[in-house]
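*Asks:* Got start_36.txt for you, compact mmCIF, C-alpha atoms:
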```txt
# COMPACT_ATOMS: atom_id res chain seq x y z
CA MET C 345 39.39 6.91 -5.71
CA SER C 346 38.67 3.35 -4.59
CA PHE C 347 35.09 2.34 -4.20
CA GLU C 348 33.97 0.69 -0.97
CA PRO C 349 30.57 -0.83 -1.61
CA LYS C 350 27.68 -0.96 0.81
CA ILE C 351 26.07 -4.37 0.64
CA THR C 352 23.02 -5.50 2.58
CA LEU C 353 22.59 -9.18 3.34
CA PHE C 354 19.29 -10.61 4.52
CA SER C 355 19.86 -14.06 5.89
CA CYS C 356 17.63 -16.48 7.68
CA HIS C 357 18.31 -17.47 11.25
CA TYR C 358 19.42 -20.94 10.16
CA ALA C 359 21.74 -20.17 7.25
CA SER C 360 23.52 -17.41 9.17
CA GLN C 361 24.33 -19.32 12.35
CA GLN C 362 27.99 -18.78 11.55
CA SER C 363 27.58 -15.09 12.28
CA CYS C 364 27.07 -15.96 15.95
CA ALA C 365 30.14 -18.15 16.35
CA GLU C 366 32.99 -16.89 18.48
CA LYS C 367 30.84 -14.01 19.69
CA GLY C 368 30.35 -12.86 16.12
CA LYS C 369 34.08 -12.69 15.43
CA GLU C 370 34.44 -15.88 13.40
CA LEU C 371 33.07 -14.43 10.17
CA GLN C 372 35.61 -11.63 10.26
CA GLN C 373 38.39 -14.11 10.97
CA LEU C 374 37.35 -16.16 7.94
CA GLY C 375 37.51 -13.15 5.63
CA PHE C 376 33.84 -12.21 5.43
CA PRO C 377 33.85 -8.77 3.75
CA ALA C 378 33.41 -5.81 6.05
CA THR C 379 31.36 -4.14 3.32
CA ILE C 380 28.42 -6.39 4.14
CA THR C 381 25.78 -5.51 6.70
CA LEU C 382 23.98 -8.60 7.89
CA VAL C 383 20.28 -8.47 8.73
CA ARG C 384 19.10 -11.72 10.29
CA VAL C 385 15.47 -12.66 9.83
CA PRO C 386 13.54 -15.63 11.22
CA CYS C 387 12.77 -16.83 7.69
CA THR C 388 13.62 -15.32 4.31
CA GLY C 389 10.08 -16.16 3.21
CA LYS C 390 8.97 -13.20 5.30
CA ILE C 391 11.06 -10.71 3.29
CA GLN C 392 8.85 -8.56 1.11
CA VAL C 393 9.74 -6.91 -2.20
CA THR C 394 9.44 -3.58 -0.42
CA THR C 395 12.07 -4.65 2.13
CA LEU C 396 14.56 -5.38 -0.64
CA LEU C 397 13.78 -2.14 -2.46
CA GLN C 398 14.11 -0.19 0.79
CA ALA C 399 17.67 -1.47 1.14
CA PHE C 400 18.49 0.16 -2.20
CA GLU C 401 16.68 3.32 -1.11
CA ASP C 402 18.80 3.30 2.04
CA GLY C 403 21.95 3.42 -0.06
CA ALA C 404 22.94 -0.19 -0.68
CA ASP C 405 25.02 -0.75 -3.80
CA GLY C 406 24.09 -4.41 -3.70
CA VAL C 407 21.65 -6.64 -1.85
CA TYR C 408 21.57 -10.38 -1.40
CA VAL C 409 19.51 -12.94 0.42
CA VAL C 410 20.75 -16.17 1.96
CA GLY C 411 18.13 -18.75 2.74
CA CYS C 412 17.91 -22.48 3.28
CA PRO C 413 18.43 -25.02 0.47
CA VAL C 414 15.45 -25.23 -1.89
CA ASP C 415 14.59 -28.75 -0.79
CA GLY C 416 15.53 -28.26 2.84
CA CYS C 417 13.97 -25.05 4.10
CA HIS C 418 13.22 -25.09 7.81
CA ASN C 419 9.87 -23.50 6.98
CA VAL C 420 9.32 -25.71 3.91
CA LYS C 421 8.84 -23.01 1.25
CA GLY C 422 10.33 -19.91 2.83
CA SER C 423 13.53 -19.71 0.80
CA VAL C 424 11.64 -20.51 -2.42
CA ARG C 425 9.34 -17.56 -1.75
CA ALA C 426 12.36 -15.37 -1.06
CA ALA C 427 13.94 -16.42 -4.36
CA LYS C 428 10.78 -15.41 -6.21
CA ARG C 429 10.81 -11.98 -4.56
CA VAL C 430 14.46 -11.52 -5.41
CA ALA C 431 13.56 -12.42 -9.00
CA ALA C 432 10.77 -9.83 -8.93
CA VAL C 433 13.24 -7.15 -7.80
CA LYS C 434 15.70 -8.24 -10.49
CA LYS C 435 12.97 -7.70 -13.08
CA ALA C 436 12.09 -4.30 -11.59
CA LEU C 437 15.75 -3.24 -11.66
CA GLU C 438 15.93 -4.20 -15.33
CA GLU C 439 12.84 -2.07 -15.96
CA LEU C 440 14.72 0.84 -14.42
CA ASP C 441 17.72 0.03 -16.64
CA VAL C 442 19.83 -1.01 -13.66
CA GLU C 443 22.02 -4.14 -13.50
CA SER C 444 19.89 -7.01 -12.16
CA GLY C 445 23.06 -8.54 -10.67
CA ARG C 446 22.92 -5.98 -7.90
CA ILE C 447 20.59 -8.38 -6.12
CA GLU C 448 21.09 -12.12 -5.74
CA MET C 449 19.66 -15.14 -3.94
CA PHE C 450 21.76 -17.88 -2.38
CA HIS C 451 20.48 -21.16 -0.99
CA LEU C 452 22.97 -22.42 1.60
CA PRO C 453 22.99 -25.13 4.23
CA ARG C 454 22.64 -24.27 7.87
CA GLY C 455 25.45 -24.24 10.34
CA LEU C 456 29.12 -23.49 10.06
CA HIS C 457 30.34 -23.80 6.49
CA PRO C 458 32.66 -22.01 4.05
CA GLU C 459 29.93 -21.30 1.47
CA PHE C 460 28.43 -18.54 3.60
CA VAL C 461 31.72 -16.63 3.51
CA ALA C 462 32.25 -17.50 -0.16
CA ALA C 463 28.86 -16.02 -1.09
CA GLY C 464 29.78 -12.79 0.69
CA VAL C 465 33.14 -12.62 -1.04
CA ALA C 466 31.46 -13.24 -4.42
CA MET C 467 28.91 -10.48 -3.83
CA ASP C 468 31.59 -8.06 -2.68
CA LYS C 469 33.63 -8.78 -5.82
CA LYS C 470 30.62 -8.43 -8.11
CA ILE C 471 29.43 -5.12 -6.63
CA ARG C 472 32.94 -3.70 -6.77
CA THR C 473 32.92 -4.55 -10.49
CA LEU C 474 29.47 -3.00 -11.04
CA GLY C 475 30.43 0.15 -9.19
CA PRO C 476 28.33 2.51 -7.08
CA SER C 477 24.56 2.23 -7.11
CA PRO C 478 22.95 4.38 -9.81
CA PHE C 479 20.33 5.29 -7.20
CA GLN C 480 22.73 7.51 -5.33
CA SER C 481 22.19 11.00 -6.62
CA MET Y 738 -12.81 -9.85 -10.50
CA ILE Y 739 -11.10 -7.31 -12.71
CA VAL Y 740 -7.55 -8.46 -13.35
CA ALA Y 741 -4.71 -6.05 -14.03
CA GLU Y 742 -0.93 -5.85 -14.07
CA ARG Y 743 1.56 -3.09 -13.41
CA LYS Y 744 2.68 -1.01 -16.34
CA PRO Y 745 6.38 -1.06 -17.22
CA MET Y 746 8.29 1.26 -14.89
CA ALA Y 747 9.71 3.28 -17.78
CA GLU Y 748 6.15 4.24 -18.74
CA ILE Y 749 5.25 5.22 -15.19
CA ILE Y 750 8.45 7.22 -14.67
CA GLU Y 751 7.75 9.07 -17.92
CA MET Y 752 4.30 10.04 -16.57
CA VAL Y 753 5.62 11.50 -13.32
CA LYS Y 754 8.96 12.90 -14.53
CA ASP Y 755 7.86 16.52 -14.06
CA CYS Y 756 6.20 15.98 -10.68
CA SER Y 757 7.84 16.73 -7.37
CA ARG Y 758 5.11 15.12 -5.25
CA VAL Y 759 2.84 12.23 -6.15
CA LEU Y 760 0.20 10.27 -4.31
CA VAL Y 761 0.31 6.56 -5.11
CA LEU Y 762 -3.26 5.54 -4.46
CA ALA Y 763 -4.03 1.87 -3.93
CA CYS Y 764 -7.42 0.25 -4.37
CA ARG Y 765 -8.54 -2.39 -1.89
CA GLY Y 766 -10.96 -3.97 -4.37
CA CYS Y 767 -10.30 -6.38 -7.23
CA VAL Y 768 -6.71 -5.29 -7.85
CA THR Y 769 -5.80 -6.15 -4.29
CA VAL Y 770 -7.12 -9.67 -4.81
CA CYS Y 771 -5.15 -10.09 -8.05
CA SER Y 772 -2.03 -8.63 -6.37
CA ALA Y 773 -1.64 -5.82 -8.87
CA GLY Y 774 -2.73 -2.66 -7.10
CA GLY Y 775 -3.36 -3.23 -3.41
CA GLU Y 776 -1.51 -1.55 -0.57
CA ARG Y 777 1.45 -3.94 -0.83
CA GLU Y 778 1.90 -3.36 -4.55
CA ALA Y 779 1.42 0.39 -4.12
CA ALA Y 780 4.22 0.44 -1.53
CA ALA Y 781 6.54 -1.35 -3.94
CA LEU Y 782 5.55 1.04 -6.72
CA ALA Y 783 6.20 4.05 -4.50
CA SER Y 784 9.68 2.73 -3.82
CA LEU Y 785 10.33 2.06 -7.50
CA ILE Y 786 9.19 5.57 -8.44
CA ARG Y 787 11.58 7.08 -5.88
CA LEU Y 788 14.43 4.89 -7.14
CA GLY Y 789 13.62 5.55 -10.80
CA MET Y 790 13.57 9.30 -10.29
CA LYS Y 791 16.73 9.15 -8.19
CA LYS Y 792 18.47 7.36 -11.04
CA GLN Y 793 17.58 10.32 -13.24
CA GLY Y 794 19.10 12.65 -10.67
CA LYS Y 795 15.73 13.92 -9.50
CA THR Y 796 14.01 13.71 -6.17
CA ILE Y 797 10.32 13.09 -5.74
CA GLN Y 798 8.17 12.94 -2.67
CA VAL Y 799 5.90 9.93 -2.86
CA ILE Y 800 3.08 9.50 -0.39
CA GLU Y 801 0.92 6.41 -0.24
CA GLY Y 802 -2.77 6.06 0.37
CA SER Y 803 -5.55 3.62 -0.33
CA LEU Y 804 -9.28 3.62 -0.82
CA VAL Y 805 -11.77 0.85 -0.16
CA ARG Y 806 -12.63 1.10 -3.86
CA GLN Y 807 -12.02 3.68 -6.55
CA CYS Y 808 -15.25 2.98 -8.41
CA ASP Y 809 -17.73 4.76 -6.11
CA LYS Y 810 -18.16 8.49 -5.56
CA GLU Y 811 -18.28 8.09 -1.78
CA TYR Y 812 -14.79 6.64 -1.69
CA ILE Y 813 -13.36 9.03 -4.29
CA ASP Y 814 -14.47 11.93 -2.08
CA ALA Y 815 -12.05 10.63 0.57
CA ILE Y 816 -9.17 11.81 -1.64
CA ASP Y 817 -9.84 15.26 -0.11
CA ALA Y 818 -7.72 14.06 2.83
CA TRP Y 819 -4.58 14.44 0.68
CA ASP Y 820 -5.49 17.80 -0.85
CA GLY Y 821 -2.48 20.03 -1.37
CA GLN Y 822 0.01 17.21 -0.84
CA TYR Y 823 0.58 16.04 -4.43
CA ASP Y 824 0.97 17.22 -8.00
CA ALA Y 825 -0.58 14.07 -9.45
CA ILE Y 826 -2.19 10.83 -8.38
CA VAL Y 827 -0.74 7.55 -9.63
CA SER Y 828 -3.66 5.20 -9.25
CA THR Y 829 -3.10 1.48 -8.86
CA ALA Y 830 -6.79 0.83 -9.47
CA CYS Y 831 -8.16 -0.64 -12.67
CA GLY Y 832 -9.15 1.69 -15.48
CA VAL Y 833 -12.53 2.22 -13.84
CA GLY Y 834 -10.89 3.80 -10.82
CA VAL Y 835 -8.75 6.13 -12.91
CA ASN Y 836 -11.83 7.20 -14.88
CA PHE Y 837 -13.79 7.82 -11.69
CA ILE Y 838 -11.06 10.06 -10.29
CA ALA Y 839 -10.93 11.94 -13.60
CA ASN Y 840 -14.73 12.21 -13.75
CA LEU Y 841 -15.16 13.48 -10.22
CA ARG Y 842 -12.08 15.60 -9.62
CA LYS Y 843 -11.83 18.21 -12.33
CA LYS Y 844 -8.51 19.66 -11.19
CA THR Y 845 -6.74 16.46 -10.24
CA VAL Y 846 -4.11 15.03 -12.55
CA VAL Y 847 -4.39 11.24 -12.45
CA TYR Y 848 -2.18 8.62 -14.08
CA PRO Y 849 -2.76 4.86 -14.42
CA ALA Y 850 -0.15 2.57 -12.89
CA LEU Y 851 -1.81 -0.56 -14.23
CA ASN Y 852 -2.87 -2.10 -17.49
CA THR Y 853 -6.36 -3.46 -16.93
CA THR Y 854 -6.50 -6.80 -18.67
CA PHE Y 855 -9.66 -8.87 -18.21
CA PHE Y 856 -12.47 -10.24 -16.04
CA GLY Y 857 -11.10 -13.42 -14.59
CA GLY Y 858 -10.29 -15.58 -11.65
CA SER Y 859 -7.30 -17.23 -10.05
CA THR Y 860 -7.03 -20.77 -11.39
CA GLU Y 861 -4.05 -21.43 -9.14
CA GLN Y 862 -1.90 -19.29 -6.87
CA GLY Y 863 -0.26 -16.55 -8.92
CA ILE Y 864 -2.15 -17.38 -12.12
CA TRP Y 865 -5.28 -15.63 -13.38
CA THR Y 866 -7.26 -16.49 -16.47
CA GLU Y 867 -9.97 -14.73 -18.42
CA GLN Y 868 -13.43 -16.14 -17.84
CA CYS Y 869 -15.93 -13.46 -18.88
CA ALA Y 870 -15.97 -10.80 -21.59
CA GLY Y 871 -18.77 -8.71 -20.10
CA CYS Y 872 -20.62 -8.94 -23.41
CA GLY Y 873 -23.98 -8.06 -21.91
CA ASN Y 874 -25.83 -11.06 -23.32
CA CYS Y 875 -24.91 -14.13 -21.34
CA VAL Y 876 -25.19 -17.55 -23.03
CA LEU Y 877 -23.74 -19.64 -20.22
CA HIS Y 878 -27.05 -21.48 -19.71
CA LEU Y 879 -26.61 -22.90 -23.22
CA THR Y 880 -22.94 -23.77 -22.94
CA GLY Y 881 -22.65 -25.68 -19.71
CA GLY Y 882 -21.46 -22.61 -17.81
CA LEU Y 883 -18.35 -22.17 -19.97
CA CYS Y 884 -18.10 -18.93 -21.94
CA PRO Y 885 -17.33 -19.14 -25.67
CA VAL Y 886 -17.25 -15.34 -25.98
CA ALA Y 887 -14.34 -14.92 -23.57
CA ARG Y 888 -12.66 -18.30 -23.80
CA CYS Y 889 -12.85 -19.15 -27.52
CA ALA Y 890 -10.09 -17.30 -29.37
CA LYS Y 891 -12.60 -16.55 -32.13
CA SER Y 892 -15.62 -15.99 -29.84
CA LEU Y 893 -17.49 -18.54 -31.93
CA MET Y 894 -21.13 -19.20 -31.12
CA ASN Y 895 -21.22 -22.46 -33.08
CA GLY Y 896 -17.98 -24.23 -32.26
CA PRO Y 897 -15.67 -25.93 -32.26
CA CYS Y 898 -13.92 -24.74 -35.39
CA GLY Y 899 -11.72 -26.92 -37.59
CA GLY Y 900 -8.64 -25.81 -35.70
CA SER Y 901 -9.55 -27.66 -32.53
CA VAL Y 902 -7.06 -30.51 -32.08
CA GLY Y 903 -6.88 -32.79 -29.08
CA GLY Y 904 -8.89 -30.34 -27.00
CA ARG Y 905 -6.42 -27.51 -27.69
CA CYS Y 906 -6.88 -24.26 -29.61
CA GLU Y 907 -5.10 -23.71 -32.91
CA ILE Y 908 -4.34 -20.11 -31.94
CA ASN Y 909 -2.35 -21.21 -28.92
CA LYS Y 910 -1.67 -24.82 -28.01
CA ASN Y 911 -1.52 -23.85 -24.34
CA THR Y 912 -5.17 -22.79 -24.48
CA GLU Y 913 -7.93 -25.30 -24.10
CA CYS Y 914 -10.53 -25.40 -26.84
CA ILE Y 915 -13.47 -24.21 -24.83
CA TRP Y 916 -15.92 -25.66 -27.36
CA GLN Y 917 -14.39 -29.10 -26.81
CA SER Y 918 -14.85 -28.54 -23.08
CA ILE Y 919 -18.44 -27.38 -23.63
CA HIS Y 920 -19.09 -30.52 -25.68
CA ASP Y 921 -17.58 -32.77 -23.03
CA ARG Y 922 -19.38 -31.06 -20.18
CA LEU Y 923 -22.81 -31.00 -21.81
CA GLY Y 924 -22.28 -34.67 -22.72
CA SER Y 925 -21.54 -35.55 -19.12
CA PHE Y 926 -24.95 -34.12 -18.17
CA GLY Y 927 -26.71 -36.04 -20.96
CA ARG Y 928 -27.29 -32.74 -22.76
CA GLY Y 929 -24.95 -33.27 -25.70
CA SER Y 930 -27.79 -32.74 -28.17
CA GLN Y 931 -27.69 -29.03 -27.23
CA MET Y 932 -24.58 -28.82 -29.37
CA GLU Y 933 -26.71 -29.46 -32.46
CA ALA Y 934 -28.77 -26.30 -31.98
CA ILE Y 935 -27.56 -23.55 -34.30
CA ALA Y 936 -26.97 -20.29 -32.48
CA PRO Y 937 -28.36 -17.34 -34.43
CA ILE Y 938 -26.21 -14.45 -35.62
CA ARG Y 939 -25.33 -12.60 -32.46
CA ASP Y 940 -26.35 -9.03 -31.68
CA TRP Y 941 -23.16 -7.46 -30.37
CA SER Y 942 -24.75 -4.11 -29.51
CA THR Y 943 -24.86 -5.15 -25.84
CA ALA Y 944 -21.12 -5.76 -25.90
CA GLY Y 945 -20.13 -2.13 -26.20
CA HIS Y 946 -20.26 -2.04 -29.97
CA GLY Y 947 -23.18 0.33 -29.56
CA GLY Y 948 -21.09 2.73 -27.49
CA PRO Y 949 -20.40 3.00 -23.74
CA ARG Y 950 -22.91 0.99 -21.75
CA LYS Y 951 -25.01 2.09 -18.82
CA THR Y 952 -27.22 0.31 -16.34
CA VAL Y 953 -30.11 2.16 -14.72
CA ARG Y 954 -32.03 0.62 -11.82
CA ASP Y 955 -35.09 2.77 -11.22
CA ASP Y 956 -35.73 0.97 -7.94
CA LEU Y 957 -32.36 2.19 -6.64
CA THR Y 958 -32.02 5.67 -8.08
CA ILE Y 959 -32.82 8.59 -5.77
CA SER Y 960 -33.63 11.47 -8.10
```
Show the structure stored in the file as structure tokens.
*Replies:*
Amino acid sequence: MSFEPKITLFSCHYASQQSCAEKGKELQQLGFPATITLVRVPCTGKIQVTTLLQAFEDGADGVYVVGCPVDGCHNVKGSVRAAKRVAAVKKALEELDVESGRIEMFHLPRGLHPEFVAAGVAMDKKIRTLGPSPFQS
Amino acid sequence: MIVAERKPMAEIIEMVKDCSRVLVLACRGCVTVCSAGGEREAAALASLIRLGMKKQGKTIQVIEGSLVRQCDKEYIDAIDAWDGQYDAIVSTACGVGVNFIANLRKKTVVYPALNTTFFGGSTEQGIWTEQCAGCGNCVLHLTGGLCPVARCAKSLMNGPCGGSVGGRCEINKNTECIWQSIHDRLGSFGRGSQMEAIAPIRDWSTAGHGGPRKTVRDDLTIS
């Protein structure tokens, strides 16, 4: 039976502007995977470790965060903080003997750009390879 | 403050593997300040316990709570509020808190979520370093306020040793030679000659080598 992953994306308001284009239809038209649920946040720096873990508890097979470029965050250090929290969750997943690649951080420019879709496609491909979350009993 | 860090998750999961309900109990004292066992870290731990157990095909109910401190009887008594709701407490306090729960609650199973590491301070955000060994016989007035017991790898009383090179310790080049720093600091106050005084052989009985220590203040005791 084919596996359709559940992927949760937390993206900052700036890096995910594309999701609003064409009344939210543009991402679909560009091939953004339907397996991804987008959660927009004002700044990824606000995302706590518990928020990321909760996504796994809620059944996500994979989680990723898209924030501003490291040297160009709208809130100066927000995306750097997010990257550190993603790294903390990666370490915790390893402690639980779970693939750390189930969570990733991407730093992308704001506005309309192909990288946002490409990151989603890459995550979808990776999680399909990893298979269902081991947290689903 | 007392500095601590979370134990590896495998160790914690092993502790709770036979439980169906646990109370993850945060401490709002030192371990909150060093970001090891406050409410935020306890919430993350609760989530990791649920995920870790789920991975093993088990379910566990994890409730979260916190106490102002876990090193005073008055606060430990507040655990009564969760009576009947857990099989074991996973405490994110330092070792003192875990001991206090064990001392005062004869029927409560309590597990430590943290490894208690040292008395220290935050030298920069996210970094803590050991500053005091709690040896019970402070010599800071003789050493310019810098502690050779805690901060010299050999706890020398008459340093520096021959391994001090360029102000760094031979045990670990990333560690400053505290005796070099003591020398420099005393010199800056015009008190460099203090370095020539030979410290006598130290009595370590105050440092716990004479057994568990106790402080009694007759002016504060009630009975």
*Asks:* Which is closest to Val805 (chain Y) among Y:Asn840, Y:Thr769, Y:Ser942, Y:Ser918, if we use all atoms listed in the file?
*Replies:*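 Closest residue, counting all atoms listed in the file: Y:Thr769.
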*Asks:* If you take all atoms listed in the file and a cut-off of 9 Å, which residues of chain Y touch chain C, and what are their nearest atom pairs and distances in Å to one decimal, in chain and number order, as a tab-separated table?
*Replies:*
```
residue	atom	partner	partner_atom	distance
Y:Pro745	CA	C:Glu439	CA	6.7
Y:Met746	CA	C:Glu439	CA	5.7
Y:Ala747	CA	C:Glu439	CA	6.5
Y:Ile750	CA	C:Leu440	CA	8.9
Y:Arg777	CA	C:Thr394	CA	8.0
Y:Glu778	CA	C:Thr394	CA	8.6
Y:Ala780	CA	C:Thr394	CA	6.7
Y:Ala781	CA	C:Thr394	CA	5.1
Y:Leu782	CA	C:Thr394	CA	8.7
Y:Ser784	CA	C:Leu397	CA	6.5
Y:Leu785	CA	C:Leu397	CA	7.4
Y:Arg787	CA	C:Glu401	CA	7.9
Y:Leu788	CA	C:Phe479	CA	5.9
Y:Gly789	CA	C:Leu440	CA	6.0
Y:Met790	CA	C:Phe479	CA	8.4
Y:Lys791	CA	C:Phe479	CA	5.4
Y:Lys792	CA	C:Phe479	CA	4.7
Y:Gln793	CA	C:Ser481	CA	8.1
Y:Gly794	CA	C:Ser481	CA	5.4
Y:Lys795	CA	C:Ser481	CA	7.7
Y:Thr796	CA	C:Ser481	CA	8.6
```
*Asks:* Those selected residues, please, written with C-alpha atoms and delivered as a PDB file, in the frame of the given file.
*Replies:*
```pdb
ATOM      1  CA  PRO Y 745       6.380  -1.060 -17.220  1.00  0.00           C
ATOM      2  CA  MET Y 746       8.290   1.260 -14.890  1.00  0.00           C
ATOM      3  CA  ALA Y 747       9.710   3.280 -17.780  1.00  0.00           C
ATOM      4  CA  ILE Y 750       8.450   7.220 -14.670  1.00  0.00           C
ATOM      5  CA  ARG Y 777       1.450  -3.940  -0.830  1.00  0.00           C
ATOM      6  CA  GLU Y 778       1.900  -3.360  -4.550  1.00  0.00           C
ATOM      7  CA  ALA Y 780       4.220   0.440  -1.530  1.00  0.00           C
ATOM      8  CA  ALA Y 781       6.540  -1.350  -3.940  1.00  0.00           C
ATOM      9  CA  LEU Y 782       5.550   1.040  -6.720  1.00  0.00           C
ATOM     10  CA  SER Y 784       9.680   2.730  -3.820  1.00  0.00           C
ATOM     11  CA  LEU Y 785      10.330   2.060  -7.500  1.00  0.00           C
ATOM     12  CA  ARG Y 787      11.580   7.080  -5.880  1.00  0.00           C
ATOM     13  CA  LEU Y 788      14.430   4.890  -7.140  1.00  0.00           C
ATOM     14  CA  GLY Y 789      13.620   5.550 -10.800  1.00  0.00           C
ATOM     15  CA  MET Y 790      13.570   9.300 -10.290  1.00  0.00           C
ATOM     16  CA  LYS Y 791      16.730   9.150  -8.190  1.00  0.00           C
ATOM     17  CA  LYS Y 792      18.470   7.360 -11.040  1.00  0.00           C
ATOM     18  CA  GLN Y 793      17.580  10.320 -13.240  1.00  0.00           C
ATOM     19  CA  GLY Y 794      19.100  12.650 -10.670  1.00  0.00           C
ATOM     20  CA  LYS Y 795      15.730  13.920  -9.500  1.00  0.00           C
ATOM     21  CA  THR Y 796      14.010  13.710  -6.170  1.00  0.00           C
TER      22      THR Y 796
END
```
*Asks:* Quick one: everything within 9 Å of Gly775 (chain Y), counting all atoms listed in the file, minus sequence neighbours fewer than 2 positions away in the same chain. Send it as a list in words.
*Replies:*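 Residues meeting the cut-off are Leu762, Ala763, Cys764, Arg765, Gly766, Cys767, Val768, Thr769, Val770, Cys771, Ser772, Ala773, Arg777, Glu778, Ala779, Ala780, Ser803, Thr829 and Ala830 of chain Y.
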*Asks:* Please write the residues from the selection above to a file, keeping C-alpha atoms, as a compact mmCIF listing (two decimals), in the coordinates of the input.
*Replies:*
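Generated file (again39.txt):
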```txt
# COMPACT_ATOMS: atom_id res chain seq x y z
CA LEU Y 762 -3.26 5.54 -4.46
CA ALA Y 763 -4.03 1.87 -3.93
CA CYS Y 764 -7.42 0.25 -4.37
CA ARG Y 765 -8.54 -2.39 -1.89
CA GLY Y 766 -10.96 -3.97 -4.37
CA CYS Y 767 -10.30 -6.38 -7.23
CA VAL Y 768 -6.71 -5.29 -7.85
CA THR Y 769 -5.80 -6.15 -4.29
CA VAL Y 770 -7.12 -9.67 -4.81
CA CYS Y 771 -5.15 -10.09 -8.05
CA SER Y 772 -2.03 -8.63 -6.37
CA ALA Y 773 -1.64 -5.82 -8.87
CA ARG Y 777 1.45 -3.94 -0.83
CA GLU Y 778 1.90 -3.36 -4.55
CA ALA Y 779 1.42 0.39 -4.12
CA ALA Y 780 4.22 0.44 -1.53
CA SER Y 803 -5.55 3.62 -0.33
CA THR Y 829 -3.10 1.48 -8.86
CA ALA Y 830 -6.79 0.83 -9.47
```
*Asks:* Using all atoms listed in the file, determine which residues lie at most 12 Å from Arg888 (chain Y), disregarding the query and same-chain residues fewer than 5 positions distant; provide the list as a PyMOL selection string.
*Replies:* chain Y and resi 855-857+866-871+877+880+882-883+893-894+896-897+905-906+908-909+912-919
*Asks:* Selected residues, C-alpha atoms, written as a PDB file, in the frame of the given file, please.
*Replies:*
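To be explicit, this is the file written out as part33.pdb:
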```
ATOM      1  CA  PHE Y 855      -9.660  -8.870 -18.210  1.00  0.00           C
ATOM      2  CA  PHE Y 856     -12.470 -10.240 -16.040  1.00  0.00           C
ATOM      3  CA  GLY Y 857     -11.100 -13.420 -14.590  1.00  0.00           C
ATOM      4  CA  THR Y 866      -7.260 -16.490 -16.470  1.00  0.00           C
ATOM      5  CA  GLU Y 867      -9.970 -14.730 -18.420  1.00  0.00           C
ATOM      6  CA  GLN Y 868     -13.430 -16.140 -17.840  1.00  0.00           C
ATOM      7  CA  CYS Y 869     -15.930 -13.460 -18.880  1.00  0.00           C
ATOM      8  CA  ALA Y 870     -15.970 -10.800 -21.590  1.00  0.00           C
ATOM      9  CA  GLY Y 871     -18.770  -8.710 -20.100  1.00  0.00           C
ATOM     10  CA  LEU Y 877     -23.740 -19.640 -20.220  1.00  0.00           C
ATOM     11  CA  THR Y 880     -22.940 -23.770 -22.940  1.00  0.00           C
ATOM     12  CA  GLY Y 882     -21.460 -22.610 -17.810  1.00  0.00           C
ATOM     13  CA  LEU Y 883     -18.350 -22.170 -19.970  1.00  0.00           C
ATOM     14  CA  LEU Y 893     -17.490 -18.540 -31.930  1.00  0.00           C
ATOM     15  CA  MET Y 894     -21.130 -19.200 -31.120  1.00  0.00           C
ATOM     16  CA  GLY Y 896     -17.980 -24.230 -32.260  1.00  0.00           C
ATOM     17  CA  PRO Y 897     -15.670 -25.930 -32.260  1.00  0.00           C
ATOM     18  CA  ARG Y 905      -6.420 -27.510 -27.690  1.00  0.00           C
ATOM     19  CA  CYS Y 906      -6.880 -24.260 -29.610  1.00  0.00           C
ATOM     20  CA  ILE Y 908      -4.340 -20.110 -31.940  1.00  0.00           C
ATOM     21  CA  ASN Y 909      -2.350 -21.210 -28.920  1.00  0.00           C
ATOM     22  CA  THR Y 912      -5.170 -22.790 -24.480  1.00  0.00           C
ATOM     23  CA  GLU Y 913      -7.930 -25.300 -24.100  1.00  0.00           C
ATOM     24  CA  CYS Y 914     -10.530 -25.400 -26.840  1.00  0.00           C
ATOM     25  CA  ILE Y 915     -13.470 -24.210 -24.830  1.00  0.00           C
ATOM     26  CA  TRP Y 916     -15.920 -25.660 -27.360  1.00  0.00           C
ATOM     27  CA  GLN Y 917     -14.390 -29.100 -26.810  1.00  0.00           C
ATOM     28  CA  SER Y 918     -14.850 -28.540 -23.080  1.00  0.00           C
ATOM     29  CA  ILE Y 919     -18.440 -27.380 -23.630  1.00  0.00           C
TER      30      ILE Y 919
END
```
*Asks:* From the list C:His357, C:Lys350, C:His451, C:Arg446, which residue is nearest Thr379 (chain C) when using all atoms listed in the file?
*Replies:*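 Among the listed residues, the smallest separation from Thr379 (chain C) belongs to C:Lys350.
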*Asks:* Report, in Å to a single decimal, how far apart CA of Lys428 (chain C) and CA of Phe460 (chain C) are.
*Replies:*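 Result for CA of Phe460 (chain C) versus CA of Lys428 (chain C): 20.4 Å, one decimal.
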*Asks:* Give me the residues near Met449 (chain C) as a VMD selection string, where near means some atom within 6 Å (using all atoms listed in the file) and where sequence neighbours in that chain fewer than 2 positions away do not count.
*Replies:* chain C and resid 408 to 409 427
*Asks:* Neighbouring residues of Glu811 (chain Y) were defined as those with any atom within 12 Å, considering only C-alpha atoms; residues of the same chain fewer than 6 positions away were excluded. Please report them as a count of residues only.
*Replies:* 6
*Asks:* Would you mind listing what lies within 8 Å of Leu452 (chain C) as an MDAnalysis selection string, with all atoms listed in the file counted and same-chain residues fewer than 3 positions away left out?
*Replies:* chainID C and resid 359 410:413 459:460
*Asks:* Which residue, C:Arg425, C:Lys434, C:Lys470, C:His457, has the smallest gap to Ile391 (chain C) when you use only C-alpha atoms?
*Replies:* C:Arg425
*Asks:* Could you please determine the separation between CA of Ser859 (chain Y) and CA of Asn911 (chain Y) in Å, to one decimal place?
*Replies:*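 Computing it gives 16.8 Å between the two atoms.
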*Asks:* Looking at all atoms listed in the file, which of C:Gln372, C:Ser363, C:Phe347, C:Arg454 is the one that sits closest to Leu474 (chain C)?
*Replies:*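 For Leu474 (chain C), the nearest of the given residues is C:Phe347.
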